[in-house]
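Everything below concerns the one structure shown next.
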Amino acid sequence: MQPESAMTPGLEVTVLVSVGRHPLTGRARRADQDARGVELARSLADAQVRLLHAGMRDESSEAALRGYLGMGFTELSLLEQSEGADVLPALAEALDAASPHLVITGERAERGEGSGLLPYLLAERLGWPLVSGLAAVESVEDGVATLLQALPRGQRRRLKVRLPVIVTVDDAAPAPRQSAYGPARRGAFEATAGPVSADDEWASWHVQPARPRPKRLKIVKAASARDRFKAAAAKAEGGSGQVLTDVTPTQGAEAILTLLREEDVLR
Amino acid sequence: MSDLPRRDPRQEWIARNRLHPRHAEVLQEMGRGAASEWWGPGGLVRRNPHAVGFVGPNGVKRIDRSGTQQGACGGGTATPIAERKPLVEIDAPAFMIAVVPDMAGGRLSGHDRDLFGLARQLADADPAARGAVVAVIFGPHKEADVGEAGIDRLLHLDSPEVAGYAPEARLGALIMAEETWSPRHWLLPDSKLGGGELGRRLAVRLGERPATGVWQVEADAEAATGWHCTARGAAGSLDIRRPLPRIALALAECAEPVSETRHAAVELALPQPLPSTLSRIQDLGQVSVDPSGVALSEAEFILSAGNGVKDWQGFHHAAEVLGATEGASRVAVDDGFMARDRQVGATGTWVTARVYVAVGISGAIQHLQGIQTCDKVVAINMDPGCDMIKRADLAVIGDSTQILEALVTLVAQAREEKRDAA
Ligand SMILES: Cc1cc2nc3c(=O)[nH]c(=O)nc-3n(C[C@H](O)[C@H](O)[C@H](O)COP(=O)(O)OP(=O)(O)OC[C@H]3O[C@@H](n4cnc5c(N)ncnc54)[C@H](O)[C@@H]3O)c2cc1C
């Protein structure tokens, strides 16, 4: 499925994929954001996409990784690591050796610490720029990528960055295609033993399944009992706003427009 | 003169008549200062129970039977809460706690305030050696009194280099702050953009392993920093308990916001101007997105229609011109004028808009529930007594059709002028 572009050296893309965790059952699966990253890479014209995973190889993780192979790949590079190892050195070395133009990762892992630091550490180590929270790659021309970054509230921002670059994928990126069973079974793992470095700090922490966070109580801080009573018995707070009666529609509209301008919501 | 008590029937009559305009004055005179007692016509002591006591600072009448505060009547003007809060000034802080709030829309969000609450917790733990909370704010802000949030020192950076999406320039500024003040802790909101990104960049640059997704911080004498924290890991499915590192990215509601004190918010400045680094990422600005494609729950600006909208064409046109996402009350939906997924309220969507314009909506409790978290509410309504007006920050009383039309004309005019000027 690699595009035949022997003439023009295509865009080399590496997608870092990880083993996800189903939010309800806790079973291993392809990680949602990583799958979106693969989908994003697939949508790039002339791209040579490579999947890279660093981690332990066992039955459940292999099944999860095959989920990515089922998105139209024949092989997946696997840097074998021991349980709970720090995957950063291995990934940095592999990326340094392959030197792709574009590295796509998810925002945070669904297992382990899930701190979302890995792309930042890689960027610092390789000295590449990093763009976070991507919704789409608009174009890649002459070594410059035009990217769409997802902002809160459904907004988008356009950024331009010179390759090579590390990008992380937001949940707003296009949903991943379904994994096809046949290619997933046929795909191969290209395993290499990378450097393994233990993560001692992680081992020293106390980790337990998340317990529900306490709900914040509405505490009324008042100096006197009367204030507390008033706060407890208060209905809709009134009288704080400005009310314009007996104005012409234009005057009313002007007041509204001033507020909209102050709040900077008009574009 | 003689010691005989003299009587003035007219004064006595005024003293008995509470509705007389000179009543209070006469009482004062007859009571020789203490208006609650005077000699009555029959030589008896008369008492006015209404004049006993004084009005306390909260506007409540108090009767002090010890007699020390007799007659200090009236003057129930309560000072505004903000002035009553004690002002805390920390002149020689033992250490610094740096906080970089997100300031979405130029205001401190609830998340930011929680973070300042956490910073205060860290700074005020030892009353003998109190720390100062430094806020680093990028870009212009609209917050009137940042000291209310618990900020002792304010570093406000508003140069063009750090405007827009400039993570590298902002990181440079933070590094400079680190070198100048070397804060004991850096606290940032673990939010999508802004704090979450900047905090990770800072941690990586300083070579610290930060705690991310922190939701609880507790004192712990055994930990190296004196604190340990509980953080969410693995997509929110794990709780990780660890010593609090120098850099922490905290979730919303990690601590109670500061509410009892005011702080000085003394302006700080960096020792030298920011170096003009060449940014590798170029910000081409925000892209205009189709507002109708934005999910109602996360839309920033909503124009919402209720039963008071008569001209639906005009309403849709106004939403388009203003670039607002459309919402509706249940009545507008039930009557078939709007789609069901546009309904705002208890049985519809709970919206989080910064600006919510309610056109012809009466403000039933089921509707108001849905707009609890909105910052600014504008109401356009015919009825000045309805509940929506009470909730609104700005209410315009008038016909919705005409006001929307006027608004559209004004916006179109402004755009025209801008185009001509350009
Ligand atoms: C179980 C339950 C759940 C509900 N859930 C929801 C919900 O999720 N969301 C919701 O919205 N409602 C909900 N409702 C309905 C709610 O109680 C109200 O009936 C509804 O919100 C009223 O809608 P309205 O304000 O548009 O209409 P009205 O109450 O009819 O108000 C119309 C307003 O428009 C004004 N007006 C009239 N003509 C004009 C004009 N020409 N120009 C300007 N103003 C004008 C009037 O003064 C009035 O204030 C629920 C009700 C129940 C019982």
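Chain labels A, B, ... are given in the sequence in which chains occur in the structure tokens; within each chain residues are numbered consecutively from 1, and ligands are likewise numbered from 1 in the order shown.
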Using backbone DSSP assignments, extract all alpha helix (DSSP H) residues from region 39-252 of chain B; output them as a ChimeraX atom specification.
/B:81-84,110-123,167-181,195-206
Quick one: residues within 10 Å of ligand 1, with only C-alpha atoms and all ligand atoms, as a PyMOL selection string?
chain B and resi 304-311+327-334+342-350+358-371+379-389+396-404
Would you list the contacts of Leu122 (chain B) as number ranges by chain, taking every protein, DNA or RNA residue within 8 Å and counting only C-alpha atoms, but skipping same-chain residues closer than 3 positions in sequence?
B: 97, 118-119, 125, 131
Using only C-alpha atoms, determine which residues of chain A fall within 6 Å of chain B; present them as a ChimeraX atom specification.
/A:110-115,153-154,156-161,205-210,238,241-245,249-250,252-253
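The neighbours of Pro119 (chain A) here are the residues that come within 10 Å of it, using only C-alpha atoms and leaving out any residue fewer than 5 positions away in the same chain; they are Leu16, Leu88, Val103, Ile104, Thr105, Gly106, Glu107, Arg108, Glu124, Arg125, Leu130, Val131, Ser132, Ile166, Val167 and Thr168 of chain A; Arg200 and Arg201 of chain B.
Relative to CA of Arg66 (chain A), CA of Leu121 (chain A) is found at 26.8 Å.
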Provide the CA of Ala98 (chain B) to CA of Val136 (chain B) distance in Å, to one decimal place.
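So the two atoms, CA of Ala98 (chain B) and CA of Val136 (chain B), lie 7.2 Å apart.
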Could you give me the residues within region 27-242 of chain A that DSSP places in strand (DSSP E), as number ranges by chain?
A: 28-30, 47-55, 75-80, 85-86, 102-105, 130-141, 144-150, 156-162, 165-169, 188-193, 197-198, 206-209, 242
Quick one: pull the distance between CA of Gln372 (chain B) and CA of Gln121 (chain B), Å, one decimal.
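Those two atoms sit 28.6 Å apart.
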From the list B:Val134, B:Leu44, B:Val52, B:Leu270, which residue is nearest Ala149 (chain B) when using only C-alpha atoms?
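Of all the options, B:Val134 lies closest to Ala149 (chain B).
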If you count only C-alpha atoms, which residues fall within 6 Å of Leu78 (chain A), apart from same-chain ones fewer than 2 positions away, as a PDB file with N, CA, C and O atoms, in the first residue's frame?
ATOM      1  N   HIS A  53       6.327   1.527  17.010  1.00  0.00           N
ATOM      2  CA  HIS A  53       5.858   1.306  18.380  1.00  0.00           C
ATOM      3  C   HIS A  53       7.029   0.845  19.227  1.00  0.00           C
ATOM      4  O   HIS A  53       7.846   0.049  18.781  1.00  0.00           O
ATOM      5  N   ALA A  54       7.121   1.361  20.410  1.00  0.00           N
ATOM      6  CA  ALA A  54       8.130   0.880  21.350  1.00  0.00           C
ATOM      7  C   ALA A  54       7.396   0.349  22.560  1.00  0.00           C
ATOM      8  O   ALA A  54       6.572   1.053  23.134  1.00  0.00           O
ATOM      9  N   GLU A  80      11.482  -3.438  20.832  1.00  0.00           N
ATOM     10  CA  GLU A  80      11.076  -4.237  21.989  1.00  0.00           C
ATOM     11  C   GLU A  80      11.654  -3.677  23.269  1.00  0.00           C
ATOM     12  O   GLU A  80      12.836  -3.357  23.363  1.00  0.00           O
ATOM     13  N   GLU A 190       8.131  -5.885  12.444  1.00  0.00           N
ATOM     14  CA  GLU A 190       9.562  -5.849  12.196  1.00  0.00           C
ATOM     15  C   GLU A 190      10.213  -5.449  13.512  1.00  0.00           C
ATOM     16  O   GLU A 190      10.287  -4.278  13.870  1.00  0.00           O
ATOM     17  N   ALA A 191      10.613  -6.461  14.261  1.00  0.00           N
ATOM     18  CA  ALA A 191      11.054  -6.196  15.634  1.00  0.00           C
ATOM     19  C   ALA A 191      12.547  -5.939  15.684  1.00  0.00           C
ATOM     20  O   ALA A 191      13.333  -6.617  15.030  1.00  0.00           O
TER      21      ALA A 191
END
